[in-house]
>>> print(open('data.txt').read())   # compact mmCIF, C-alpha atoms and all ligand atoms
# COMPACT_ATOMS: atom_id res chain seq x y z
CA MET A 1 -191.11 34.72 -87.53
CA LYS A 2 -189.91 34.33 -83.94
CA LYS A 3 -186.79 36.05 -82.70
CA ILE A 4 -185.76 34.84 -79.27
CA ILE A 5 -182.65 35.38 -77.19
CA PHE A 6 -181.42 33.40 -74.18
CA LEU A 7 -179.78 35.17 -71.26
CA GLY A 8 -178.17 33.42 -68.32
CA PRO A 9 -174.78 32.67 -66.80
CA PRO A 10 -172.42 30.19 -68.49
CA GLY A 11 -173.51 26.69 -67.53
CA SER A 12 -177.10 27.74 -66.76
CA GLY A 13 -178.38 25.26 -69.33
CA LYS A 14 -179.27 27.84 -71.99
CA GLY A 15 -177.24 26.02 -74.64
CA ILE A 16 -178.69 22.56 -74.07
CA VAL A 17 -182.26 23.90 -73.80
CA SER A 18 -182.18 26.40 -76.66
CA GLN A 19 -180.83 23.64 -78.95
CA ARG A 20 -184.12 21.80 -78.24
CA VAL A 21 -186.44 24.79 -78.30
CA ALA A 22 -185.29 25.85 -81.80
CA PRO A 23 -186.65 22.85 -83.79
CA THR A 24 -189.79 22.83 -81.62
CA ILE A 25 -190.71 26.34 -82.73
CA LYS A 26 -189.15 25.86 -86.20
CA ALA A 27 -186.48 28.48 -85.69
CA GLN A 28 -182.77 28.36 -86.48
CA HIS A 29 -180.49 27.89 -83.46
CA ILE A 30 -177.41 30.13 -83.41
CA SER A 31 -174.74 29.71 -80.75
CA ILE A 32 -172.18 32.48 -80.94
CA GLY A 33 -169.66 30.52 -78.85
CA GLU A 34 -170.04 27.59 -81.26
CA LEU A 35 -169.53 29.90 -84.28
CA PHE A 36 -166.27 31.03 -82.70
CA ARG A 37 -165.20 27.46 -81.94
CA GLN A 38 -165.89 26.44 -85.57
CA ASN A 39 -163.93 29.47 -86.81
CA LEU A 40 -161.07 28.50 -84.53
CA LYS A 41 -161.08 24.93 -85.82
CA GLU A 42 -160.86 26.27 -89.37
CA GLN A 43 -158.13 28.72 -88.27
CA SER A 44 -160.05 31.59 -89.89
CA GLU A 45 -159.12 35.21 -89.22
CA ILE A 46 -162.09 35.65 -86.87
CA GLY A 47 -161.23 32.41 -85.07
CA LEU A 48 -157.63 33.44 -84.52
CA LYS A 49 -158.70 36.89 -83.27
CA ALA A 50 -161.16 35.31 -80.81
CA LYS A 51 -158.81 32.62 -79.50
CA GLU A 52 -156.93 34.60 -76.84
CA PHE A 53 -160.16 35.98 -75.33
CA MET A 54 -161.96 32.65 -75.29
CA GLU A 55 -159.07 30.84 -73.64
CA LYS A 56 -159.15 33.27 -70.72
CA GLY A 57 -162.93 33.26 -70.43
CA GLU A 58 -163.06 36.92 -71.57
CA LEU A 59 -165.55 38.31 -74.06
CA VAL A 60 -164.44 38.75 -77.65
CA PRO A 61 -164.51 42.51 -78.55
CA ASP A 62 -167.94 43.81 -79.53
CA GLU A 63 -167.06 44.89 -83.08
CA ILE A 64 -165.92 41.36 -84.02
CA VAL A 65 -168.98 39.66 -82.49
CA ILE A 66 -171.51 42.13 -83.90
CA GLU A 67 -170.15 41.81 -87.44
CA MET A 68 -170.18 38.00 -87.24
CA LEU A 69 -173.76 38.03 -85.88
CA LYS A 70 -175.00 40.39 -88.61
CA GLN A 71 -173.62 38.13 -91.34
CA ARG A 72 -175.11 35.04 -89.69
CA ILE A 73 -178.70 36.28 -89.29
CA GLU A 74 -178.82 37.42 -92.91
CA LYS A 75 -178.48 33.83 -94.13
CA GLU A 76 -181.43 32.04 -95.71
CA ASP A 77 -181.87 29.56 -92.83
CA CYS A 78 -182.76 32.46 -90.46
CA LYS A 79 -185.62 33.77 -92.56
CA LYS A 80 -188.22 31.78 -90.58
CA GLY A 81 -186.92 32.97 -87.23
CA PHE A 82 -183.99 32.26 -84.94
CA ILE A 83 -182.82 31.75 -81.40
CA LEU A 84 -179.66 33.50 -80.29
CA ASP A 85 -177.76 31.54 -77.65
CA GLY A 86 -174.99 33.68 -76.19
CA PHE A 87 -175.80 37.00 -77.87
CA PRO A 88 -176.04 39.77 -76.78
CA ARG A 89 -173.64 39.72 -73.85
CA THR A 90 -172.96 43.45 -73.45
CA ILE A 91 -175.10 46.59 -73.61
CA PRO A 92 -173.46 47.77 -76.88
CA GLN A 93 -174.23 44.36 -78.44
CA ALA A 94 -177.87 44.65 -77.30
CA GLN A 95 -178.13 48.17 -78.71
CA SER A 96 -176.70 47.05 -82.06
CA LEU A 97 -179.11 44.11 -82.20
CA HIS A 98 -182.01 46.41 -81.34
CA LYS A 99 -181.16 48.58 -84.36
CA LEU A 100 -181.30 45.51 -86.63
CA ILE A 101 -184.38 43.65 -85.37
CA GLU A 102 -187.07 43.58 -82.71
CA ILE A 103 -186.79 40.71 -80.21
CA ASP A 104 -190.02 38.86 -79.32
CA VAL A 105 -188.84 37.19 -76.12
CA ALA A 106 -185.69 37.35 -73.98
CA VAL A 107 -185.62 34.19 -71.84
CA HIS A 108 -183.69 34.66 -68.60
CA MET A 109 -182.40 31.43 -67.06
CA ASN A 110 -182.14 32.11 -63.32
CA VAL A 111 -179.52 29.84 -61.74
CA THR A 112 -177.27 30.51 -58.74
CA GLU A 113 -173.49 30.33 -59.00
CA GLU A 114 -173.38 27.41 -56.54
CA VAL A 115 -175.58 25.24 -58.76
CA ILE A 116 -173.63 26.20 -61.87
CA ILE A 117 -170.33 25.11 -60.38
CA ILE A 118 -171.79 21.71 -59.43
CA ARG A 119 -173.42 21.19 -62.85
CA ASN A 120 -170.37 22.40 -64.70
CA ALA A 121 -168.18 19.67 -63.22
CA THR A 122 -169.98 17.11 -65.45
CA ARG A 123 -170.60 19.22 -68.56
CA VAL A 124 -169.14 17.92 -71.87
CA SER A 125 -169.80 18.60 -75.56
CA CYS A 126 -169.14 17.26 -79.04
CA LYS A 127 -165.86 18.42 -80.58
CA ASP A 128 -167.44 18.44 -84.05
CA CYS A 129 -171.06 19.64 -83.85
CA GLY A 130 -171.08 21.33 -80.42
CA GLN A 131 -173.99 19.28 -79.00
CA ILE A 132 -173.91 19.70 -75.22
CA TYR A 133 -174.31 16.83 -72.73
CA ASN A 134 -174.21 16.52 -68.96
CA LEU A 135 -172.82 13.27 -67.62
CA ARG A 136 -175.14 13.40 -64.61
CA THR A 137 -178.41 14.16 -66.33
CA SER A 138 -178.08 13.70 -70.11
CA SER A 139 -175.11 11.53 -71.18
CA PRO A 140 -174.56 10.57 -74.81
CA LYS A 141 -175.99 7.09 -75.51
CA LYS A 142 -172.51 5.68 -76.20
CA GLN A 143 -169.83 6.90 -73.81
CA GLY A 144 -167.63 9.59 -75.38
CA ILE A 145 -169.48 9.54 -78.73
CA CYS A 146 -171.94 12.14 -79.96
CA ASP A 147 -175.51 10.91 -80.57
CA ASN A 148 -175.93 13.36 -83.48
CA CYS A 149 -172.76 13.06 -85.52
CA GLN A 150 -170.62 10.30 -83.91
CA GLY A 151 -167.98 12.96 -83.11
CA GLN A 152 -165.80 12.79 -80.01
CA VAL A 153 -167.42 14.11 -76.82
CA ILE A 154 -164.94 16.09 -74.75
CA ARG A 155 -164.68 18.60 -71.91
CA ARG A 156 -164.29 22.20 -73.14
CA LYS A 157 -161.05 23.85 -71.99
CA ASP A 158 -162.94 26.95 -70.88
CA ASP A 159 -165.14 24.81 -68.59
CA GLU A 160 -162.12 24.14 -66.33
CA PRO A 161 -162.85 25.64 -62.86
CA GLU A 162 -160.42 28.57 -63.06
CA VAL A 163 -161.62 29.83 -66.45
CA MET A 164 -165.22 29.16 -65.42
CA ARG A 165 -164.83 31.46 -62.39
CA ASN A 166 -163.69 34.24 -64.70
CA ARG A 167 -166.57 33.60 -67.12
CA LEU A 168 -169.02 33.94 -64.20
CA LYS A 169 -167.44 37.23 -63.14
CA VAL A 170 -167.56 38.55 -66.72
CA TYR A 171 -171.25 37.56 -66.82
CA GLN A 172 -172.04 39.48 -63.63
CA ASP A 173 -170.16 42.60 -64.74
CA GLN A 174 -171.06 42.80 -68.42
CA THR A 175 -174.08 40.64 -69.23
CA TYR A 176 -176.29 40.84 -66.12
CA PRO A 177 -177.22 44.50 -66.86
CA LEU A 178 -179.06 43.21 -69.95
CA ILE A 179 -181.80 41.80 -67.70
CA ASP A 180 -182.98 45.35 -66.97
CA PHE A 181 -182.47 46.38 -70.61
CA TYR A 182 -184.96 43.71 -71.76
CA LYS A 183 -187.27 44.18 -68.77
CA ASP A 184 -187.60 47.83 -69.79
CA LYS A 185 -188.47 46.75 -73.32
CA GLY A 186 -191.22 44.49 -71.91
CA VAL A 187 -189.88 41.26 -73.45
CA LEU A 188 -188.26 39.52 -70.47
CA ALA A 189 -189.51 35.99 -69.61
CA GLU A 190 -188.08 34.69 -66.32
CA VAL A 191 -187.39 30.97 -65.82
CA PHE A 192 -186.24 29.64 -62.43
CA CYS A 193 -184.25 26.45 -62.94
CA ASP A 194 -182.14 26.14 -59.83
CA LYS A 195 -182.69 22.56 -58.64
CA ILE A 196 -179.41 20.65 -58.83
CA GLU A 197 -180.99 17.42 -60.03
CA GLN A 198 -183.22 19.19 -62.55
CA THR A 199 -183.05 17.36 -65.91
CA PRO A 200 -182.77 19.16 -69.29
CA GLU A 201 -186.26 17.77 -70.03
CA GLU A 202 -187.74 19.59 -67.00
CA THR A 203 -185.94 22.80 -67.91
CA PHE A 204 -187.12 22.48 -71.52
CA GLN A 205 -190.76 22.16 -70.34
CA GLN A 206 -190.38 25.21 -68.08
CA VAL A 207 -188.85 27.27 -70.87
CA MET A 208 -191.52 26.28 -73.43
CA GLU A 209 -194.22 27.17 -70.92
CA ALA A 210 -192.63 30.57 -70.27
CA ILE A 211 -192.24 31.33 -73.99
CA ASN A 212 -195.79 30.23 -74.88
CA LYS A 213 -197.32 32.14 -71.96
CA PHE A 214 -195.37 35.20 -72.91
CA LEU A 215 -196.33 35.07 -76.59
CA GLU A 216 -200.02 34.46 -75.74
CA GLU A 217 -200.13 37.49 -73.47
CA LYS A 218 -198.42 39.70 -76.00
P1 LIG A 301 -170.26 30.08 -74.92
O1 LIG A 301 -170.13 28.82 -75.71
O2 LIG A 301 -171.55 30.77 -75.19
O3 LIG A 301 -170.05 29.85 -73.46
O4 LIG A 301 -169.10 31.06 -75.42
C1 LIG A 301 -167.73 30.70 -75.33
C2 LIG A 301 -166.85 31.93 -75.46
O5 LIG A 301 -167.08 32.58 -76.73
C3 LIG A 301 -167.11 33.03 -74.43
O6 LIG A 301 -166.46 32.78 -73.19
C4 LIG A 301 -166.53 34.25 -75.16
O7 LIG A 301 -165.12 34.25 -75.14
C5 LIG A 301 -166.97 33.99 -76.60
N1 LIG A 301 -168.31 34.59 -76.84
C6 LIG A 301 -169.48 33.94 -77.06
N2 LIG A 301 -170.51 34.78 -77.23
C7 LIG A 301 -169.98 36.04 -77.13
C8 LIG A 301 -170.53 37.37 -77.20
N3 LIG A 301 -171.81 37.58 -77.44
N4 LIG A 301 -169.67 38.40 -77.03
C9 LIG A 301 -168.35 38.21 -76.82
N5 LIG A 301 -167.78 37.01 -76.72
C10 LIG A 301 -168.57 35.91 -76.87
>>> encode(input="data.txt", output="structure tokens", more="lines below")
Ligand code: AMP
Amino acid sequence: MKKIIFLGPPGSGKGIVSQRVAPTIKAQHISIGELFRQNLKEQSEIGLKAKEFMEKGELVPDEIVIEMLKQRIEKEDCKKGFILDGFPRTIPQAQSLHKLIEIDVAVHMNVTEEVIIIRNATRVSCKDCGQIYNLRTSSPKKQGICDNCQGQVIRRKDDEPEVMRNRLKVYQDQTYPLIDFYKDKGVLAEVFCDKIEQTPEETFQQVMEAINKFLEEK
């Protein structure tokens, strides 16, 4: 049973890549941001609590996220392993996760802010299933329509430049310290994916290589 987390700034490609890595290693993919967006669509209590933070590009308070994560990884579909995309994002979240399970690999997607801002300008995703696309490197086959579920492909509100700048700042302040946390635990796998024209396929190959190398050496 593999338990893998993806660390990296918003727009680093961790969503698009981890969505592909999960079926390859037969693990369940869990995107915390997507869980919140689904909750918001359903107007659930959690969704409504998260809304104001998400709209500003702030993190949702730890106690809400941790509780939601705990419930999610207890489900049957996680029994064979899972990939967490977007969790943990703070030291308290990492400490709580550490009390629940032992992580096998923490993949760190190294991308500079400059490259993120360029890539982000063309990032879109499906309103219904959350599948991510990039209009420069990985467009949906039919313009505006999701390949997976035929849902509408749109630009996320929190990908607008102003909110994105705040999300990057929040990443630096609150999530970046996790790199050392996982380095100290000996589970950090570094991936350098900073070429602007790099395709999701190339990044996927790099990430799989890093994960396999890491697991072999372990
Ligand atoms: P994402 O789709 O991963 O970029 O997440 C979108 C938004 O969901 C973030 O900007 C946060 O507001 C919220 N969010 C996602 N993951 C977390 C987390 N681990 N802790 C707190 N807030 C989160």
>>> atom_distance(input="data.txt", atom1="CA of Cys78 in chain A", atom2="CA of His108 in chain A")
22.0 Å
>>> closest_atom_pairs(input="data.txt", of="range 31-114 of chain A", to="range 1-6 of chain A", cutoff="8 Å", atoms="all atoms listed in the file", output="tab-separated table")
residue	atom	partner	partner_atom	distance
A:Lys79	CA	A:Met1	CA	7.5
A:Lys80	CA	A:Met1	CA	5.1
A:Gly81	CA	A:Met1	CA	4.6
A:Phe82	CA	A:Lys3	CA	5.2
A:Ile83	CA	A:Ile4	CA	4.8
A:Leu84	CA	A:Ile5	CA	4.7
A:Asp85	CA	A:Phe6	CA	5.4
A:Gly86	CA	A:Phe6	CA	6.7
A:Phe87	CA	A:Ile5	CA	7.1
A:Pro88	CA	A:Ile5	CA	7.9
A:Glu102	CA	A:Lys3	CA	7.5
A:Ile103	CA	A:Lys3	CA	5.3
A:Asp104	CA	A:Lys3	CA	5.5
A:Val105	CA	A:Ile4	CA	5.0
A:Ala106	CA	A:Ile5	CA	4.8
A:Val107	CA	A:Phe6	CA	4.9
A:His108	CA	A:Phe6	CA	6.2
A:Met109	CA	A:Phe6	CA	7.5
>>> closest_residue(input="data.txt", among="A:Leu135, A:Ile116, A:Cys129, A:Ile66", to="Lys99 in chain A", atoms="all atoms listed in the file")
A:Ile66
>>> atom_distance(input="data.txt", atom1="CA of Tyr176 in chain A", atom2="CA of Thr90 in chain A")
8.5 Å
>>> residues_around(input="data.txt", residues="Glu58 in chain A", least_positions_apart="3", cutoff="7 Å", atoms="all atoms listed in the file", output="list in words")
Phe53, Met54, Arg167 and Val170 of chain A
>>> build_atoms(input="data.txt", residues="range 30-41 of chain A", atoms="all heavy atoms", output="mmCIF file, in the coordinates of the input")
data_model
loop_
_atom_site.group_PDB
_atom_site.id
_atom_site.type_symbol
_atom_site.label_atom_id
_atom_site.label_comp_id
_atom_site.auth_asym_id
_atom_site.auth_seq_id
_atom_site.Cartn_x
_atom_site.Cartn_y
_atom_site.Cartn_z
ATOM 1 N N ILE A 30 -178.744 29.554 -83.156
ATOM 2 C CA ILE A 30 -177.410 30.130 -83.410
ATOM 3 C C ILE A 30 -176.673 30.288 -82.094
ATOM 4 O O ILE A 30 -177.095 31.052 -81.219
ATOM 5 C CB ILE A 30 -177.527 31.507 -84.096
ATOM 6 C CG1 ILE A 30 -178.280 31.368 -85.415
ATOM 7 C CG2 ILE A 30 -176.149 32.112 -84.332
ATOM 8 C CD1 ILE A 30 -178.564 32.698 -86.081
ATOM 9 N N SER A 31 -175.576 29.541 -81.943
ATOM 10 C CA SER A 31 -174.740 29.710 -80.750
ATOM 11 C C SER A 31 -173.489 30.482 -81.165
ATOM 12 O O SER A 31 -172.715 30.026 -82.006
ATOM 13 C CB SER A 31 -174.336 28.343 -80.189
ATOM 14 O OG SER A 31 -173.157 28.471 -79.418
ATOM 15 N N ILE A 32 -173.321 31.638 -80.567
ATOM 16 C CA ILE A 32 -172.180 32.480 -80.940
ATOM 17 C C ILE A 32 -170.858 31.815 -80.515
ATOM 18 O O ILE A 32 -169.883 31.819 -81.264
ATOM 19 C CB ILE A 32 -172.302 33.869 -80.273
ATOM 20 C CG1 ILE A 32 -173.627 34.508 -80.667
ATOM 21 C CG2 ILE A 32 -171.133 34.777 -80.640
ATOM 22 C CD1 ILE A 32 -173.805 34.718 -82.144
ATOM 23 N N GLY A 33 -170.867 31.223 -79.317
ATOM 24 C CA GLY A 33 -169.660 30.520 -78.850
ATOM 25 C C GLY A 33 -169.283 29.425 -79.833
ATOM 26 O O GLY A 33 -168.103 29.240 -80.171
ATOM 27 N N GLU A 34 -170.291 28.691 -80.320
ATOM 28 C CA GLU A 34 -170.040 27.590 -81.260
ATOM 29 C C GLU A 34 -169.515 28.142 -82.597
ATOM 30 O O GLU A 34 -168.609 27.557 -83.191
ATOM 31 C CB GLU A 34 -171.355 26.829 -81.461
ATOM 32 C CG GLU A 34 -171.218 25.456 -82.082
ATOM 33 C CD GLU A 34 -170.122 24.598 -81.485
ATOM 34 O OE1 GLU A 34 -169.948 24.580 -80.241
ATOM 35 O OE2 GLU A 34 -169.403 23.955 -82.268
ATOM 36 N N LEU A 35 -170.051 29.284 -83.037
ATOM 37 C CA LEU A 35 -169.530 29.900 -84.280
ATOM 38 C C LEU A 35 -168.046 30.223 -84.124
ATOM 39 O O LEU A 35 -167.250 29.989 -85.030
ATOM 40 C CB LEU A 35 -170.282 31.200 -84.588
ATOM 41 C CG LEU A 35 -171.633 31.099 -85.292
ATOM 42 C CD1 LEU A 35 -172.216 32.488 -85.505
ATOM 43 C CD2 LEU A 35 -171.470 30.403 -86.635
ATOM 44 N N PHE A 36 -167.694 30.740 -82.942
ATOM 45 C CA PHE A 36 -166.270 31.030 -82.700
ATOM 46 C C PHE A 36 -165.434 29.749 -82.673
ATOM 47 O O PHE A 36 -164.350 29.695 -83.248
ATOM 48 C CB PHE A 36 -166.085 31.786 -81.383
ATOM 49 C CG PHE A 36 -166.343 33.264 -81.490
ATOM 50 C CD1 PHE A 36 -167.152 33.909 -80.569
ATOM 51 C CD2 PHE A 36 -165.760 34.027 -82.491
ATOM 52 C CE1 PHE A 36 -167.392 35.273 -80.659
ATOM 53 C CE2 PHE A 36 -165.991 35.389 -82.590
ATOM 54 C CZ PHE A 36 -166.809 36.012 -81.668
ATOM 55 N N ARG A 37 -165.972 28.711 -82.013
ATOM 56 C CA ARG A 37 -165.200 27.460 -81.940
ATOM 57 C C ARG A 37 -164.998 26.858 -83.338
ATOM 58 O O ARG A 37 -163.925 26.350 -83.652
ATOM 59 C CB ARG A 37 -165.875 26.452 -80.997
ATOM 60 C CG ARG A 37 -165.608 26.778 -79.517
ATOM 61 C CD ARG A 37 -166.163 25.717 -78.585
ATOM 62 N NE ARG A 37 -167.602 25.751 -78.495
ATOM 63 C CZ ARG A 37 -168.301 26.598 -77.718
ATOM 64 N NH1 ARG A 37 -167.667 27.458 -76.965
ATOM 65 N NH2 ARG A 37 -169.606 26.575 -77.702
ATOM 66 N N GLN A 38 -166.033 26.954 -84.193
ATOM 67 C CA GLN A 38 -165.890 26.440 -85.570
ATOM 68 C C GLN A 38 -164.841 27.264 -86.329
ATOM 69 O O GLN A 38 -164.004 26.720 -87.033
ATOM 70 C CB GLN A 38 -167.236 26.530 -86.328
ATOM 71 C CG GLN A 38 -168.307 25.600 -85.812
ATOM 72 C CD GLN A 38 -167.956 24.122 -86.001
ATOM 73 O OE1 GLN A 38 -167.132 23.780 -86.826
ATOM 74 N NE2 GLN A 38 -168.557 23.251 -85.214
ATOM 75 N N ASN A 39 -164.908 28.592 -86.150
ATOM 76 C CA ASN A 39 -163.930 29.470 -86.810
ATOM 77 C C ASN A 39 -162.507 29.153 -86.360
ATOM 78 O O ASN A 39 -161.568 29.211 -87.141
ATOM 79 C CB ASN A 39 -164.238 30.936 -86.492
ATOM 80 C CG ASN A 39 -165.148 31.547 -87.535
ATOM 81 O OD1 ASN A 39 -164.722 31.837 -88.642
ATOM 82 N ND2 ASN A 39 -166.409 31.693 -87.186
ATOM 83 N N LEU A 40 -162.389 28.816 -85.083
ATOM 84 C CA LEU A 40 -161.070 28.500 -84.530
ATOM 85 C C LEU A 40 -160.552 27.188 -85.125
ATOM 86 O O LEU A 40 -159.367 27.079 -85.482
ATOM 87 C CB LEU A 40 -161.188 28.404 -83.001
ATOM 88 C CG LEU A 40 -159.895 28.356 -82.217
ATOM 89 C CD1 LEU A 40 -159.028 29.559 -82.569
ATOM 90 C CD2 LEU A 40 -160.194 28.365 -80.721
ATOM 91 N N LYS A 41 -161.459 26.223 -85.249
ATOM 92 C CA LYS A 41 -161.080 24.930 -85.820
ATOM 93 C C LYS A 41 -160.580 25.100 -87.249
ATOM 94 O O LYS A 41 -159.624 24.478 -87.676
ATOM 95 C CB LYS A 41 -162.297 23.993 -85.800
ATOM 96 C CG LYS A 41 -161.916 22.585 -85.460
ATOM 97 C CD LYS A 41 -163.057 21.754 -84.961
ATOM 98 C CE LYS A 41 -164.037 21.389 -86.044
ATOM 99 N NZ LYS A 41 -165.182 20.636 -85.531
#
